[in-house]
file my_file_22.cif (mmCIF, C-alpha atoms)
data_work
#
loop_
_atom_site.label_atom_id
_atom_site.label_comp_id
_atom_site.auth_asym_id
_atom_site.auth_seq_id
_atom_site.Cartn_x
_atom_site.Cartn_y
_atom_site.Cartn_z
CA MET A 197 0.00 0.00 0.00
CA ALA A 198 2.81 2.43 0.82
CA GLU A 199 4.42 1.80 -2.57
CA LEU A 200 1.18 2.64 -4.38
CA PHE A 201 0.75 5.78 -2.28
CA GLU A 202 4.28 6.91 -3.13
CA SER A 203 3.61 6.22 -6.82
CA LEU A 204 0.55 8.49 -6.60
CA GLU A 205 2.72 11.13 -4.94
CA GLU A 206 5.19 11.01 -7.81
CA GLU A 207 2.35 11.42 -10.31
CA PHE A 208 1.00 14.36 -8.31
CA LEU A 209 4.39 16.07 -8.32
CA ALA A 210 4.70 15.57 -12.07
CA VAL A 211 1.22 17.01 -12.67
CA SER A 212 2.03 19.90 -10.31
CA ALA A 213 5.12 20.69 -12.36
CA GLU A 214 2.98 20.81 -15.51
CA ILE A 215 0.48 23.13 -13.85
CA ASN A 216 3.20 25.45 -12.61
CA LYS A 217 4.77 25.58 -16.08
CA ARG A 218 1.46 26.49 -17.71
CA VAL A 219 0.55 29.06 -15.03
CA ALA A 220 3.98 30.69 -14.84
CA THR A 221 5.04 30.74 -18.49
CA GLN A 222 2.42 29.63 -20.99
CA ILE A 223 -0.74 31.45 -19.89
CA PRO A 224 0.97 34.85 -19.34
CA ASN A 225 3.01 34.68 -22.55
CA TYR A 226 0.71 32.89 -25.02
CA GLU A 227 -1.96 34.71 -26.95
CA GLY A 228 -5.24 33.82 -28.58
CA ASP A 229 -5.95 30.14 -29.16
CA GLU A 230 -2.65 29.05 -27.65
CA ARG A 231 -3.53 30.81 -24.40
CA LYS A 232 -7.00 29.24 -24.35
CA LYS A 233 -5.44 25.82 -24.95
CA ALA A 234 -2.97 26.38 -22.11
CA VAL A 235 -5.86 27.36 -19.79
CA ARG A 236 -7.83 24.23 -20.74
CA GLU A 237 -4.82 22.00 -20.16
CA ALA A 238 -4.09 23.68 -16.84
CA LYS A 239 -7.68 23.07 -15.72
CA ARG A 240 -7.42 19.46 -16.86
CA ASN A 241 -4.19 19.07 -14.89
CA LEU A 242 -5.87 20.54 -11.80
CA GLU A 243 -8.69 17.99 -12.07
CA GLU A 244 -6.13 15.24 -12.47
CA ALA A 245 -4.30 16.49 -9.35
CA LYS A 246 -7.60 16.43 -7.41
CA ASP A 247 -8.21 12.83 -8.52
CA LEU A 248 -4.70 11.82 -7.43
CA ILE A 249 -5.25 13.33 -3.96
CA GLY A 250 -8.55 11.43 -3.73
CA GLN A 251 -6.76 8.18 -4.59
CA MET A 252 -4.13 8.95 -1.94
CA GLU A 253 -6.88 9.32 0.67
CA VAL A 254 -8.30 5.95 -0.36
CA GLU A 255 -4.89 4.26 -0.12
CA LEU A 256 -4.25 5.91 3.25
CA GLY A 257 -6.50 3.36 4.97
CA GLY A 258 -4.20 0.48 3.97
CA ILE A 259 -0.99 2.07 5.26
CA PRO A 260 0.35 0.84 8.65
CA SER A 261 -0.81 2.96 11.57
CA ASN A 262 2.74 3.96 12.52
CA LEU A 263 3.20 5.64 9.11
CA ARG A 264 -0.33 6.88 8.54
CA ALA A 265 0.16 10.26 10.25
CA THR A 266 3.18 11.03 8.04
CA TYR A 267 1.33 10.30 4.81
CA GLN A 268 -1.72 12.15 6.06
CA SER A 269 0.41 15.26 6.52
CA HIS A 270 1.59 14.82 2.92
CA ILE A 271 -2.01 14.85 1.71
CA LYS A 272 -2.67 18.05 3.66
CA THR A 273 0.39 19.67 2.08
CA TYR A 274 -0.70 18.59 -1.40
CA ARG A 275 -4.18 20.00 -0.84
CA ASP A 276 -2.65 23.33 0.19
CA GLU A 277 -0.46 23.31 -2.92
CA LEU A 278 -3.48 22.48 -5.08
CA ARG A 279 -5.41 25.44 -3.68
CA ASN A 280 -2.42 27.72 -4.32
CA MET A 281 -2.13 26.48 -7.89
CA GLU A 282 -5.85 27.00 -8.50
CA ARG A 283 -5.60 30.53 -7.15
CA GLU A 284 -2.50 31.28 -9.23
CA MET A 285 -4.11 29.80 -12.34
CA ARG A 286 -7.17 32.03 -11.91
CA THR A 287 -4.93 35.04 -11.34
CA ALA A 288 -2.79 34.27 -14.39
CA GLN A 289 -5.90 33.74 -16.51
CA ALA A 290 -7.44 37.01 -15.31
CA ASN A 291 -4.20 38.92 -15.93
CA ALA A 292 -3.86 37.42 -19.39
CA GLU A 293 -7.42 38.30 -20.30
CA ARG A 294 -6.94 41.80 -18.95
CA ASP A 295 -3.75 42.26 -20.91
CA GLU A 296 -5.46 40.98 -24.01
CA LEU A 297 -8.33 43.45 -23.55
CA MET A 298 -6.00 46.32 -22.84
CA GLY A 299 -3.89 45.51 -25.87
CA GLY A 300 -1.82 48.69 -25.42
CA ALA A 301 0.07 47.78 -22.30
CA ASP A 302 3.54 49.19 -22.34
CA PHE A 303 6.78 47.25 -22.25
CA ASP A 304 7.37 47.91 -18.55
CA ILE A 305 4.17 46.10 -17.61
CA ASP A 306 5.17 43.13 -19.76
CA ILE A 307 8.53 42.98 -18.06
CA SER A 308 6.85 43.18 -14.65
CA SER A 309 4.46 40.36 -15.58
CA SER A 310 7.37 38.27 -16.81
CA ASP A 311 9.25 38.88 -13.56
CA ASP A 312 6.19 37.93 -11.56
CA ALA A 313 5.83 34.77 -13.61
CA ARG A 314 9.47 33.84 -13.01
CA ALA A 315 9.06 34.50 -9.30
CA LYS A 316 5.97 32.29 -9.15
CA LEU A 317 7.75 29.59 -11.13
CA LEU A 318 10.69 29.75 -8.73
CA ASN A 319 8.36 29.62 -5.75
CA ASN A 320 6.49 26.63 -7.14
CA THR A 321 9.77 24.92 -7.98
CA ASN A 322 10.92 25.39 -4.39
CA ARG A 323 7.65 23.94 -3.13
CA LEU A 324 8.02 20.94 -5.40
CA ALA A 325 11.60 20.43 -4.22
CA SER A 326 10.41 20.57 -0.61
CA ALA A 327 7.66 18.07 -1.37
CA SER A 328 10.19 15.81 -3.08
CA ASP A 329 12.44 15.99 -0.01
CA ARG A 330 9.51 15.02 2.19
CA LEU A 331 8.76 12.13 -0.14
CA ASP A 332 12.36 10.93 0.10
CA GLN A 333 12.26 11.23 3.88
CA SER A 334 9.02 9.25 4.01
CA TYR A 335 10.54 6.58 1.80
CA ARG A 336 13.57 6.31 4.08
CA MET A 337 11.28 6.05 7.10
CA ALA A 338 9.28 3.32 5.36
CA VAL A 339 12.48 1.40 4.57
CA GLU A 340 13.71 1.75 8.15
CA THR A 341 10.33 0.63 9.47
CA GLU A 342 10.39 -2.36 7.14
CA GLU A 343 13.88 -3.28 8.36
CA ILE A 344 12.77 -2.99 11.97
CA GLY A 345 9.75 -5.14 11.18
CA MET A 346 11.95 -7.78 9.55
CA GLY A 347 14.21 -7.78 12.61
CA ILE A 348 11.21 -8.25 14.89
CA MET A 349 9.95 -11.10 12.71
CA GLU A 350 13.34 -12.80 12.87
CA ASP A 351 13.41 -12.41 16.67
CA LEU A 352 9.92 -13.87 16.92
CA SER A 353 10.96 -16.77 14.68
CA ARG A 354 13.97 -17.51 16.90
CA GLN A 355 11.82 -17.30 20.02
CA ARG A 356 9.32 -19.66 18.43
CA GLU A 357 12.07 -22.17 17.71
CA THR A 358 13.29 -21.84 21.31
CA ILE A 359 9.78 -22.43 22.64
CA THR A 360 9.37 -25.44 20.32
CA HIS A 361 12.65 -26.95 21.56
CA ALA A 362 11.64 -26.29 25.17
CA ARG A 363 8.27 -27.94 24.55
CA GLU A 364 9.98 -30.99 23.06
CA GLY A 365 12.30 -31.08 26.08
CA LEU A 366 9.29 -30.97 28.40
CA LYS A 367 7.70 -33.84 26.48
CA ASN A 368 10.90 -35.89 26.88
CA THR A 369 11.01 -34.98 30.56
CA ASP A 370 7.37 -36.02 31.01
CA SER A 371 8.14 -39.32 29.28
CA GLY A 372 11.14 -39.88 31.58
CA LEU A 373 9.07 -39.04 34.63
CA ALA A 374 6.34 -41.47 33.56
CA GLN A 375 8.91 -44.21 33.06
CA GLY A 376 10.46 -43.41 36.47
CA GLN A 377 7.02 -43.58 38.09
CA ARG A 378 6.42 -47.00 36.54
CA LEU A 379 9.81 -48.23 37.83
CA LEU A 380 9.08 -46.80 41.27
CA ARG A 381 5.67 -48.51 41.42
CA GLY A 382 7.31 -51.81 40.42
CA MET A 383 9.92 -51.40 43.17
CA MET A 384 7.22 -50.61 45.71
CA ARG A 385 5.31 -53.76 44.74
CA ARG A 386 8.44 -55.83 45.15
CA VAL A 387 9.14 -54.23 48.55
CA VAL A 388 5.59 -55.03 49.68
CA GLN A 389 5.91 -58.61 48.41
CA ASN A 390 9.24 -59.00 50.21
CA LYS A 391 7.70 -57.65 53.42
CA ILE A 392 4.83 -60.10 53.16
CA LEU A 393 7.26 -62.97 52.50
CA VAL A 394 9.41 -61.96 55.47
CA ALA A 395 6.32 -61.74 57.68
CA VAL A 396 5.18 -65.24 56.60
CA LEU A 397 8.65 -66.64 57.22
CA CYS A 398 8.78 -64.97 60.65
CA PHE A 399 5.35 -66.36 61.46
CA LEU A 400 6.40 -69.90 60.44
CA LEU A 401 9.67 -69.58 62.36
CA LEU A 402 7.85 -68.34 65.43
CA GLY A 403 5.33 -71.19 65.17
CA SER A 404 8.13 -73.70 64.85
CA ILE A 405 9.87 -72.29 67.94
CA ILE A 406 6.64 -72.39 69.95
CA LEU A 407 6.00 -76.01 68.86
CA ILE A 408 9.50 -77.09 69.84
CA ILE A 409 9.19 -75.44 73.24
CA TYR A 410 5.83 -77.02 73.79
CA LEU A 411 7.10 -80.48 72.98
CA LYS A 412 9.97 -80.04 75.39
CA VAL A 413 8.01 -78.79 78.34
CA ARG A 414 4.83 -80.94 78.11
CA PRO A 415 4.18 -83.52 81.07
CA SER A 416 6.03 -86.89 80.81
CA GLY A 417 3.52 -89.12 82.91
CA SER A 418 2.19 -90.86 79.93
CA ASP A 419 5.64 -92.30 79.25
CA ASP A 420 5.83 -94.46 82.54
CA PRO A 421 5.73 -98.24 81.95
CA PRO A 422 2.47 -100.00 82.86
CA ALA A 423 2.16 -101.56 86.34
CA PRO A 424 2.69 -105.39 86.52
CA LEU A 425 -0.40 -107.57 86.92
CA PRO A 426 -0.79 -109.45 90.31
CA SER A 427 0.42 -113.03 90.09
CA THR A 428 -1.92 -115.95 91.06
CA THR A 429 -0.69 -119.24 92.57
CA PRO A 430 -2.65 -122.45 92.23
#
call {"tool": "encode", "arguments": {"input": "my_file_22.cif", "output": "structure tokens"}}
result
Amino acid sequence: MAELFESLEEEFLAVSAEINKRVATQIPNYEGDERKKAVREAKRNLEEAKDLIGQMEVELGGIPSNLRATYQSHIKTYRDELRNMEREMRTAQANAERDELMGGADFDIDISSSDDARAKLLNNTNRLASASDRLDQSYRMAVETEEIGMGIMEDLSRQRETITHAREGLKNTDSGLAQGQRLLRGMMRRVVQNKILVAVLCFLLLGSIILIIYLKVRPSGSDDPPAPLPSTTP
């Protein structure tokens, strides 16, 4: 959008130069049909300049907000220049028609008109040079802004890559943690199983000890030999 706006600016400056040439040199110095033709072409150039300013205003909406104020000031300057050119064109046309009606104007007046025309041409040339300088400055600002934007985009791209790598690292860490949790749960199951096995063994060992003690300390009366039967004699 900025490139199209600057192209319209260049066209406006070219049309402005044509208007200034017709107003400053052709209309005051031409006579008869040539003067009328110069007036018609100057009016056509003014309409063309108005259309170019209108197109600039349309393109202004697509320009980035950080540059919009600069280009908007350009449009204001061009509108002021257009009003000055319209006023100067009307003045030049009126002076030319007056001179044509007078017909007997002396040489001093012609010289004065020529000097005024050269002064106006010089003034308009200076304004065009100033506008061209502003256009160059705006172009440099646009280039600098584009470079800054490219730098920001590169920084964002690098940050995105860093975030992507960090996310992949987190995924690997999560996978390692999950695997560690599975190993830990397996170890806990084995610890519980070992505890149960140790408890069973302790219980069996304790039972065996109690049984041995019981067998050793139980009463021994049942082990005495039976009493002899009384003998009978015939």
call {"tool": "residues_around", "arguments": {"input": "my_file_22.cif", "residues": "A:Phe208", "least_positions_apart": "6", "cutoff": "12 Å", "atoms": "all atoms listed in the file", "output": "list in words"}}
result
Phe201, Glu202, Glu214, Ile215, Asn241, Leu242, Glu243, Glu244, Ala245, Lys246, Asp247, Leu248, Ile249, Gly250, Gln251, Met252, His270, Ile271, Thr273, Tyr274, Arg275, Glu277, Leu278, Leu324, Ala327, Ser328 and Leu331 of chain A
call {"tool": "closest_residue", "arguments": {"input": "my_file_22.cif", "among": "A:Pro260, A:Glu364, A:Glu357, A:Ala238", "to": "A:Glu342", "atoms": "only C-alpha atoms"}}
result
A:Pro260
call {"tool": "atom_distance", "arguments": {"input": "my_file_22.cif", "atom1": "atom CA of A:Glu253", "atom2": "atom CA of A:Ala265"}}
result
11.9 Å
call {"tool": "atom_distance", "arguments": {"input": "my_file_22.cif", "atom1": "atom CA of A:Ser334", "atom2": "atom CA of A:Val211"}}
result
20.0 Å
call {"tool": "atom_distance", "arguments": {"input": "my_file_22.cif", "atom1": "atom CA of A:Ser326", "atom2": "atom CA of A:Met281"}}
result
15.7 Å
call {"tool": "residues_around", "arguments": {"input": "my_file_22.cif", "residues": "A:Arg236", "least_positions_apart": "2", "cutoff": "12 Å", "atoms": "only C-alpha atoms", "output": "count of residues only"}}
result
20
call {"tool": "closest_residue", "arguments": {"input": "my_file_22.cif", "among": "A:Lys316, A:Arg283, A:Leu256, A:Thr321", "to": "A:Thr221", "atoms": "all atoms listed in the file"}}
result
A:Lys316
call {"tool": "closest_residue", "arguments": {"input": "my_file_22.cif", "among": "A:Asp370, A:Glu343, A:Asp332, A:Asp351", "to": "A:Glu206", "atoms": "only C-alpha atoms"}}
result
A:Asp332
call {"tool": "closest_residue", "arguments": {"input": "my_file_22.cif", "among": "A:Pro224, A:Leu209, A:Lys217, A:Val396", "to": "A:Ala290", "atoms": "only C-alpha atoms"}}
result
A:Pro224
